[in-house]
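A.B. asks: My structure file coords.txt, compact mmCIF, C-alpha atoms, is below:
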```
# COMPACT_ATOMS: atom_id res chain seq x y z
CA MET A 3 105.18 72.75 102.76
CA ASN A 4 106.71 72.87 106.25
CA LYS A 5 108.81 75.93 105.43
CA TYR A 6 105.62 77.95 104.97
CA THR A 7 103.80 76.82 108.11
CA LYS A 8 105.02 79.84 110.09
CA GLU A 9 102.76 81.97 107.88
CA PHE A 10 99.78 80.10 109.36
CA SER A 11 101.01 79.71 112.94
CA ASP A 12 97.56 80.47 114.40
CA ILE A 13 95.86 77.68 112.43
CA PRO A 14 96.19 73.92 113.13
CA ILE A 15 98.49 72.54 110.46
CA HIS A 16 96.13 69.72 109.43
CA HIS A 17 93.47 72.35 108.67
CA VAL A 18 95.96 74.35 106.63
CA HIS A 19 96.83 71.26 104.62
CA THR A 20 93.21 70.24 103.95
CA THR A 21 92.27 73.83 103.06
CA LEU A 22 95.02 74.01 100.46
CA LEU A 23 94.16 70.53 99.25
CA LEU A 24 90.54 71.56 98.68
CA ILE A 25 91.49 74.77 96.88
CA SER A 26 93.78 72.78 94.59
CA CYS A 27 91.10 70.17 93.89
CA ILE A 28 88.45 72.82 93.17
CA LEU A 29 90.78 74.55 90.72
CA ILE A 30 91.78 71.35 88.93
CA LYS A 31 88.32 69.73 88.77
CA GLU A 32 86.39 73.01 88.24
CA THR A 33 83.64 71.92 90.62
CA VAL A 34 82.68 72.21 94.29
CA ASN A 35 81.04 68.79 94.48
CA LEU A 36 82.88 66.74 97.10
CA ASN A 37 81.87 63.49 95.44
CA LYS A 38 83.85 64.58 92.37
CA LEU A 39 86.71 66.19 94.29
CA LYS A 40 87.47 63.00 96.24
CA ASN A 41 88.91 61.40 93.09
CA GLN A 42 91.56 64.11 92.88
CA VAL A 43 92.67 63.84 96.52
CA GLY A 44 94.51 60.55 96.01
CA ILE A 45 96.42 62.02 93.06
CA PHE A 46 97.59 65.01 95.10
CA LEU A 47 98.57 62.87 98.09
CA ASN A 48 100.17 60.21 95.89
CA SER A 49 98.26 57.49 97.71
CA PRO A 50 96.83 55.14 95.05
CA THR A 51 96.34 52.32 97.54
CA VAL A 52 94.03 54.35 99.81
CA GLN A 53 90.33 53.80 99.07
CA ILE A 54 88.51 56.73 97.51
CA ASN A 55 85.87 56.65 100.25
CA SER A 56 88.60 57.40 102.79
CA HIS A 57 89.44 60.58 100.90
CA TYR A 58 85.76 61.49 100.82
CA LYS A 59 85.50 61.03 104.59
CA ARG A 60 88.51 63.28 105.06
CA LEU A 61 86.79 66.07 103.14
CA THR A 62 83.48 65.68 104.95
CA ARG A 63 85.22 65.70 108.35
CA TYR A 64 86.79 69.04 107.44
CA PHE A 65 83.39 70.62 106.80
CA LEU A 66 81.98 69.14 110.03
CA ASP A 67 84.82 70.48 112.18
CA VAL A 68 83.64 73.15 114.66
CA TYR A 69 86.79 75.25 114.29
CA VAL A 70 86.46 75.24 110.52
CA GLN A 71 82.78 76.20 110.67
CA LYS A 72 83.15 78.97 113.26
CA THR A 73 86.61 80.44 112.68
CA LEU A 74 88.61 79.11 109.75
CA TRP A 75 86.18 80.28 107.04
CA LYS A 76 86.68 83.86 108.22
CA LEU A 77 90.44 83.47 108.32
CA ILE A 78 90.40 82.26 104.72
CA LEU A 79 88.61 85.45 103.71
CA VAL A 80 90.83 87.72 105.80
CA PHE A 81 93.96 86.03 104.49
CA SER A 82 92.95 86.20 100.83
CA ILE A 83 90.46 89.05 100.28
CA GLY A 84 91.62 91.14 103.26
CA SER A 85 95.25 91.08 102.22
CA PHE A 86 94.30 91.87 98.62
CA LEU A 87 92.14 94.88 99.54
CA ASN A 88 94.82 96.26 101.87
CA ARG A 89 97.43 96.54 99.14
CA LYS A 90 98.31 100.19 98.54
CA LYS A 91 97.92 99.93 94.77
CA VAL A 92 94.57 98.17 95.08
CA LYS A 93 93.24 100.77 97.51
CA LYS A 94 93.76 103.42 94.85
CA GLU A 95 91.68 101.48 92.31
CA ILE A 96 88.65 100.20 94.25
CA PHE A 97 85.75 102.60 94.82
CA TYR A 98 82.59 100.56 94.32
CA LEU A 99 80.64 97.68 95.86
CA ALA A 100 78.10 95.70 93.81
CA MET A 101 75.26 93.85 95.56
CA ASP A 102 73.13 91.17 93.92
CA GLY A 103 71.82 87.65 94.40
CA SER A 104 71.77 84.34 92.53
CA VAL A 105 69.10 81.66 93.04
CA TRP A 106 69.04 77.98 92.13
CA GLN A 107 67.33 74.81 93.32
CA LEU A 108 68.61 71.44 94.54
CA GLY A 109 65.67 69.13 95.07
CA GLU A 110 63.46 70.89 97.58
CA TYR A 111 66.27 73.09 98.88
CA THR A 112 66.61 76.65 97.57
CA TYR A 113 69.96 78.39 97.37
CA HIS A 114 69.72 82.19 97.29
CA VAL A 115 73.21 83.58 97.64
CA LEU A 116 73.23 87.34 98.31
CA VAL A 117 76.71 88.50 97.34
CA LEU A 118 78.72 91.64 98.01
CA SER A 119 81.60 92.23 95.61
CA VAL A 120 84.18 94.94 94.94
CA ILE A 121 84.71 96.28 91.42
CA TYR A 122 88.38 96.03 90.52
CA ARG A 123 89.59 96.91 87.02
CA LYS A 124 86.09 96.39 85.65
CA MET A 125 85.80 93.02 87.39
CA ALA A 126 83.57 91.97 90.28
CA ILE A 127 85.43 90.11 93.03
CA PRO A 128 83.23 88.57 95.77
CA ILE A 129 84.15 89.53 99.31
CA PHE A 130 81.16 88.34 101.36
CA TRP A 131 77.80 86.61 101.01
CA ILE A 132 74.85 85.19 102.93
CA ASN A 133 72.60 82.31 101.90
CA LEU A 134 68.94 83.33 102.25
CA GLU A 135 67.66 79.75 101.72
CA ARG A 136 64.48 81.03 100.06
CA LYS A 137 63.00 82.19 96.78
CA GLY A 138 61.99 85.78 96.16
CA SER A 139 63.66 89.06 96.97
CA SER A 140 65.98 89.81 99.86
CA THR A 141 64.58 91.72 102.82
CA LEU A 142 65.91 94.81 104.56
CA ALA A 143 67.13 92.56 107.38
CA HIS A 144 69.10 90.42 104.90
CA ARG A 145 70.84 93.45 103.38
CA LYS A 146 71.65 94.91 106.78
CA SER A 147 73.11 91.57 107.87
CA LEU A 148 75.24 91.33 104.72
CA LEU A 149 76.74 94.80 105.14
CA ALA A 150 77.21 94.53 108.91
CA SER A 151 78.90 91.11 108.70
CA ALA A 152 81.19 92.20 105.88
CA LEU A 153 82.11 95.36 107.80
CA LEU A 154 83.42 93.24 110.70
CA LEU A 155 86.01 91.66 108.39
CA TYR A 156 86.68 94.71 106.23
CA PRO A 157 86.23 97.90 108.33
CA PHE A 158 87.08 100.17 105.38
CA LEU A 159 84.00 99.21 103.31
CA LYS A 160 82.13 102.41 104.10
CA ARG A 161 84.36 104.40 101.82
CA PHE A 162 82.99 102.49 98.80
CA THR A 163 79.84 103.35 96.83
CA ILE A 164 77.12 100.67 96.65
CA LEU A 165 75.78 99.77 93.20
CA ALA A 166 72.58 97.73 92.92
CA ASP A 167 69.60 96.96 90.69
CA ARG A 168 65.90 97.68 91.32
CA GLU A 169 65.43 94.84 93.79
CA TYR A 170 67.59 96.78 96.26
CA LYS A 171 65.58 99.98 96.53
CA GLY A 172 63.06 101.31 99.06
CA ARG A 173 62.78 104.30 101.35
CA VAL A 174 63.60 102.41 104.54
CA TRP A 175 66.66 100.86 102.88
CA PHE A 176 67.86 104.22 101.57
CA ARG A 177 67.32 105.79 104.99
CA TYR A 178 69.46 103.05 106.53
CA LEU A 179 72.27 103.66 104.03
CA GLU A 180 72.13 107.40 104.73
CA GLU A 181 72.26 106.85 108.49
CA GLN A 182 75.21 104.46 108.15
CA GLY A 183 77.14 106.88 105.94
CA TYR A 184 77.14 104.86 102.71
CA THR A 185 77.05 106.43 99.27
CA TYR A 186 75.04 104.62 96.59
CA ILE A 187 73.89 104.52 92.99
CA ILE A 188 70.82 102.28 92.73
CA ARG A 189 68.34 101.77 89.92
CA LEU A 190 64.68 102.66 90.46
CA CYS A 191 61.44 101.55 88.86
CA LYS A 192 59.52 103.92 86.60
CA GLY A 193 57.36 106.16 88.75
CA ASP A 194 59.45 106.04 91.93
CA TYR A 195 59.76 109.51 93.55
CA GLN A 196 57.73 111.20 90.81
CA LEU A 197 56.00 113.34 93.45
CA GLU A 198 59.31 114.66 94.79
CA VAL A 199 61.00 115.18 91.41
CA LYS A 200 59.77 118.30 89.64
CA LYS A 201 58.67 117.83 86.01
CA TYR A 202 59.25 114.08 86.32
CA HIS A 203 57.27 113.23 83.18
CA SER A 204 59.08 115.93 81.24
CA LEU A 205 62.36 114.25 82.13
CA LEU A 206 61.02 110.93 80.84
CA LYS A 207 60.04 112.53 77.52
CA LYS A 208 63.50 114.04 77.08
CA ALA A 209 65.13 110.72 77.94
CA LYS A 210 62.96 108.94 75.38
CA LEU A 211 64.33 111.32 72.74
CA GLY A 212 67.81 110.01 73.50
CA LYS A 213 68.96 112.58 76.07
CA LEU A 214 70.63 111.77 79.36
CA VAL A 215 68.78 113.88 81.92
CA SER A 216 69.10 114.50 85.64
CA GLN A 217 67.66 116.54 88.47
CA GLU A 218 68.46 117.15 92.11
CA PHE A 219 65.72 116.88 94.74
CA GLU A 220 65.14 116.15 98.41
CA THR A 221 63.17 113.54 100.33
CA ASP A 222 62.23 112.69 103.89
CA PHE A 223 65.42 110.59 104.27
CA ALA A 224 67.96 112.83 102.48
CA LYS A 225 68.32 116.55 101.94
CA LYS A 226 69.96 116.22 98.56
CA LEU A 227 69.72 113.44 95.98
CA LYS A 228 70.07 113.22 92.23
CA ILE A 229 67.99 111.24 89.77
CA VAL A 230 69.51 110.32 86.39
CA ILE A 231 67.36 108.99 83.53
CA SER A 232 68.31 107.42 80.21
CA TYR A 233 66.37 105.36 77.66
CA ASN A 234 67.21 102.00 76.14
CA GLY A 235 64.88 101.42 73.18
CA GLN A 236 66.27 97.91 72.63
CA ALA A 237 64.88 96.56 75.91
CA ALA A 238 62.17 93.92 75.41
CA LYS A 239 59.62 95.35 77.87
CA GLU A 240 58.46 98.94 78.04
CA SER A 241 59.05 99.00 81.80
CA GLU A 242 62.68 97.97 81.18
CA LYS A 243 63.45 100.73 78.68
CA PHE A 244 63.89 103.57 81.16
CA VAL A 245 67.08 103.34 83.22
CA ILE A 246 66.38 105.51 86.27
CA LEU A 247 69.14 105.91 88.84
CA LEU A 248 69.06 107.37 92.33
CA THR A 249 72.23 108.54 94.07
CA ASN A 250 73.35 110.66 97.01
CA LYS A 251 76.57 111.43 95.10
CA TYR A 252 74.80 114.46 93.65
CA ARG A 253 78.02 116.36 92.92
CA LEU A 254 78.94 113.87 90.18
CA THR A 255 77.89 114.64 86.62
CA LYS A 256 75.02 112.66 85.13
CA GLU A 257 77.45 111.09 82.65
CA LYS A 258 79.73 109.90 85.45
CA ILE A 259 76.83 108.52 87.49
CA SER A 260 75.51 106.58 84.50
CA ALA A 261 78.96 105.20 83.66
CA ILE A 262 79.57 104.08 87.25
CA TYR A 263 76.23 102.31 87.50
CA TYR A 264 76.93 100.16 84.46
CA LEU A 265 79.87 98.65 86.33
CA ARG A 266 77.19 96.83 88.35
CA TRP A 267 76.75 94.44 85.42
CA LYS A 268 80.11 92.91 86.27
CA ILE A 269 78.52 91.02 89.15
CA GLU A 270 76.39 89.16 86.59
CA CYS A 271 79.65 88.07 84.93
CA LEU A 272 80.88 86.99 88.36
CA PHE A 273 77.88 84.67 88.83
CA LYS A 274 78.58 83.13 85.44
CA HIS A 275 82.13 82.30 86.49
CA LEU A 276 81.13 80.98 89.89
CA LYS A 277 78.65 78.71 88.19
CA THR A 278 78.74 77.50 84.57
CA ASN A 279 82.03 79.04 83.41
CA GLY A 280 84.23 78.25 86.39
CA PHE A 281 83.45 76.49 89.65
CA HIS A 282 80.01 75.00 88.94
CA LEU A 283 78.66 76.25 92.24
CA GLU A 284 75.25 74.77 91.48
CA GLU A 285 76.78 71.32 92.05
CA VAL A 286 77.46 72.15 95.70
CA GLY A 287 75.28 69.36 97.13
CA MET A 288 75.32 70.80 100.68
CA VAL A 289 72.38 72.23 102.62
CA ASN A 290 73.98 72.90 105.99
CA PRO A 291 74.50 76.73 106.17
CA ARG A 292 77.78 76.43 108.10
CA LYS A 293 79.23 74.00 105.57
CA ILE A 294 78.13 76.21 102.68
CA ARG A 295 79.85 79.30 104.09
CA VAL A 296 83.11 77.33 104.45
CA LEU A 297 82.83 76.18 100.85
CA MET A 298 82.08 79.70 99.64
CA ALA A 299 85.20 81.00 101.40
CA LEU A 300 87.27 78.37 99.55
CA VAL A 301 85.66 79.32 96.24
CA ILE A 302 86.29 83.04 96.81
CA ALA A 303 89.97 82.39 97.60
CA SER A 304 90.27 80.24 94.46
CA PHE A 305 88.55 82.89 92.36
CA LEU A 306 90.91 85.60 93.60
CA LEU A 307 93.96 83.51 92.66
CA CYS A 308 92.61 83.24 89.11
CA ILE A 309 91.91 86.96 88.86
CA LEU A 310 95.38 87.95 90.11
CA GLU A 311 97.06 85.59 87.65
CA GLY A 312 94.81 86.87 84.88
CA VAL A 313 95.66 90.50 85.64
CA LYS A 314 99.38 89.71 85.41
CA THR A 315 98.83 87.90 82.11
CA LYS A 316 96.78 90.75 80.69
CA GLN A 317 99.51 93.22 81.57
CA ARG A 318 101.81 91.26 79.28
CA VAL A 319 99.21 90.68 76.54
CA LYS A 320 97.52 93.89 75.44
CA LYS A 321 93.91 93.25 74.56
CA ASP A 322 91.15 95.70 73.61
CA ASN A 323 88.14 93.52 74.32
CA GLU A 324 84.74 94.32 75.81
CA SER A 325 84.63 90.85 77.40
CA PHE A 326 87.74 91.88 79.35
CA TYR A 327 86.46 90.42 82.61
CA GLU A 328 85.89 86.97 81.18
CA SER A 329 89.22 86.91 79.35
CA VAL A 330 91.09 87.87 82.52
CA PHE A 331 89.38 85.17 84.58
CA ARG A 332 89.88 82.43 82.01
CA MET A 333 93.46 83.49 81.30
CA GLY A 334 94.13 83.40 85.02
CA TYR A 335 92.46 80.03 85.39
CA GLY A 336 94.66 78.66 82.63
CA LYS A 337 97.76 79.80 84.55
CA VAL A 338 96.59 78.68 87.98
CA VAL A 339 95.88 75.07 87.00
CA PHE A 340 99.55 74.63 86.14
CA TYR A 341 100.69 75.24 89.71
CA ALA A 342 97.49 73.95 91.36
CA THR A 343 98.82 70.44 90.84
CA SER A 344 101.32 71.13 93.63
CA ILE A 345 100.30 72.00 97.19
CA ASP A 346 103.70 73.65 97.68
CA GLN A 347 103.12 75.89 94.67
CA ILE A 348 99.62 76.83 95.84
CA ILE A 349 100.85 77.82 99.28
CA LYS A 350 103.76 79.75 97.77
CA LYS A 351 101.33 81.81 95.66
CA ILE A 352 99.05 82.45 98.62
CA VAL A 353 101.97 83.57 100.77
CA GLN A 354 103.04 85.95 98.00
CA LEU A 355 99.51 87.33 97.94
CA SER A 356 99.51 87.95 101.66
CA LYS A 357 103.07 89.29 101.91
CA ASN A 358 103.42 92.01 104.55
CA TYR A 359 99.89 91.33 105.78
CA LYS A 360 99.48 89.91 109.28
CA ILE A 361 96.67 87.41 109.86
CA GLN A 362 94.59 88.12 112.93
CA ASN A 363 92.69 85.21 114.39
CA THR A 364 89.01 86.06 114.71
CA THR A 365 86.13 84.29 116.35
```
Would you encode the structure as structure tokens?
C.D. replies:
Amino acid sequence: MNKYTKEFSDIPIHHVHTTLLLISCILIKETVNLNKLKNQVGIFLNSPTVQINSHYKRLTRYFLDVYVQKTLWKLILVFSIGSFLNRKKVKKEIFYLAMDGSVWQLGEYTYHVLVLSVIYRKMAIPIFWINLERKGSSTLAHRKSLLASALLLYPFLKRFTILADREYKGRVWFRYLEEQGYTYIIRLCKGDYQLEVKKYHSLLKKAKLGKLVSQEFETDFAKKLKIVISYNGQAAKESEKFVILLTNKYRLTKEKISAIYYLRWKIECLFKHLKTNGFHLEEVGMVNPRKIRVLMALVIASFLLCILEGVKTKQRVKKDNESFYESVFRMGYGKVVFYATSIDQIIKKIVQLSKNYKIQNTT
């Protein structure tokens, strides 16, 4: 491992070692629960005589460390996600951001993780999140905080188009996106903007007949918008059957707008992999917000390793499959666990990922 320490010269070496140890344990055990990860630590360190509780204390000290809580979690993201997004080839393929949340309960504590992800090769890769610690919908303040915080780490985010479901609509929110220079394609509820859109009900009737319809219009927050409407007769509820999209990318065709929006579904696949099909995030067991954000950074770095390995595997194995995202993640996971048993191999892969990308310490 020592030959790679120059790559992390700005980070205390014991933090580098524990970070890599945790990533390896998470990948091998497929969980984020420290009580389960502690059993793997002794195997990695080849220390069978050391009590398991000592390994557990080592992990808990890491999450309590002030440097880890304030600085290292951001460096993990910059080193993994930042270096990935700055690759020339990747820049040519990423155009969209998906925003959504996932909620679960642990005793009386509510986890509500609001996640921002990039869409890469029809896959959602998480790049930032905030924990709302509450049930219900996110507020305008939450969404502003998510975008503003992510922008500090990834200044190029504004060139991407935001995709989101009906929870993330509202005139004040759209006005904010317009003022900040974001483009967006966001689903509306039936009846939204019917006063501004001419022949709104006529558009609904045409959509119900199986046509994809659209119309440009203006509002108090934007001079030119486009609404795109389609109909899904298989939806269970009547209110769910109309898919109504709002976008300020009015120059795009209605077909293109509709196709782009459906990429948003990939973030639902992402939540599945972060939880039941991958890292079992619901087993987190932490309630301290600073500890949770450190853990999430470790999970995101682990997830990216799996995706990159899966992409390489898929390039060798041609596969026409609609569940492409899942197959790539699971194929990648299957490859990663082989070298995750070695800290040296993990660090070698991470260094390869970040090649030609300089880490900048951030506070």
A.B. asks: Provide the CA of Asn35 (chain A) to CA of Gly138 (chain A) distance in Å, to one decimal place.
C.D. replies: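 That distance, rounded to one decimal, is 25.6 Å.
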A.B. asks: Pick the closest to Phe244 (chain A) from A:Leu227, A:Cys271, A:Val215, A:Ile28: which is it, counting only C-alpha atoms?
C.D. replies: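 Ranked by minimum distance to Phe244 (chain A), first place goes to A:Val215.
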A.B. asks: From the list A:Phe81, A:Trp175, A:Tyr69, A:Tyr64, which residue is nearest Thr20 (chain A) when using all atoms listed in the file?
C.D. replies: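 Looking only at the distances to Thr20 (chain A), the closest residue turns out to be A:Tyr64.
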A.B. asks: Around (67.2, 112.7, 78.9) in the file's frame, which residues reach within 12 Å when counting all atoms listed in the file? Return as a PyMOL selection string?
C.D. replies: chain A and resi 202-217+229-234+244-246+256-257+260
A.B. asks: Near region 187-194 of chain A, counting only C-alpha atoms, which residues have an atom at most 8 Å away, once you skip same-chain residues fewer than 4 positions from it, shown as a list in words?
C.D. replies: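 Surrounding residues, per the criterion: Thr163, Ile164, Leu165, Ala166, Asp167, Arg168, Tyr170, Lys171, Ser241, Phe244, Val245, Ile246, Leu247, Leu248, Thr249, Asn250, Lys251, Ile259 and Tyr263 of chain A.
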A.B. asks: Can you work out which one of A:Phe65, A:Phe331, A:Tyr113, A:Phe219 has the shortest atom-to-atom distance to Lys274 (chain A), counting only C-alpha atoms?
C.D. replies: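 Closest to Lys274 (chain A), using only C-alpha atoms: A:Phe331.
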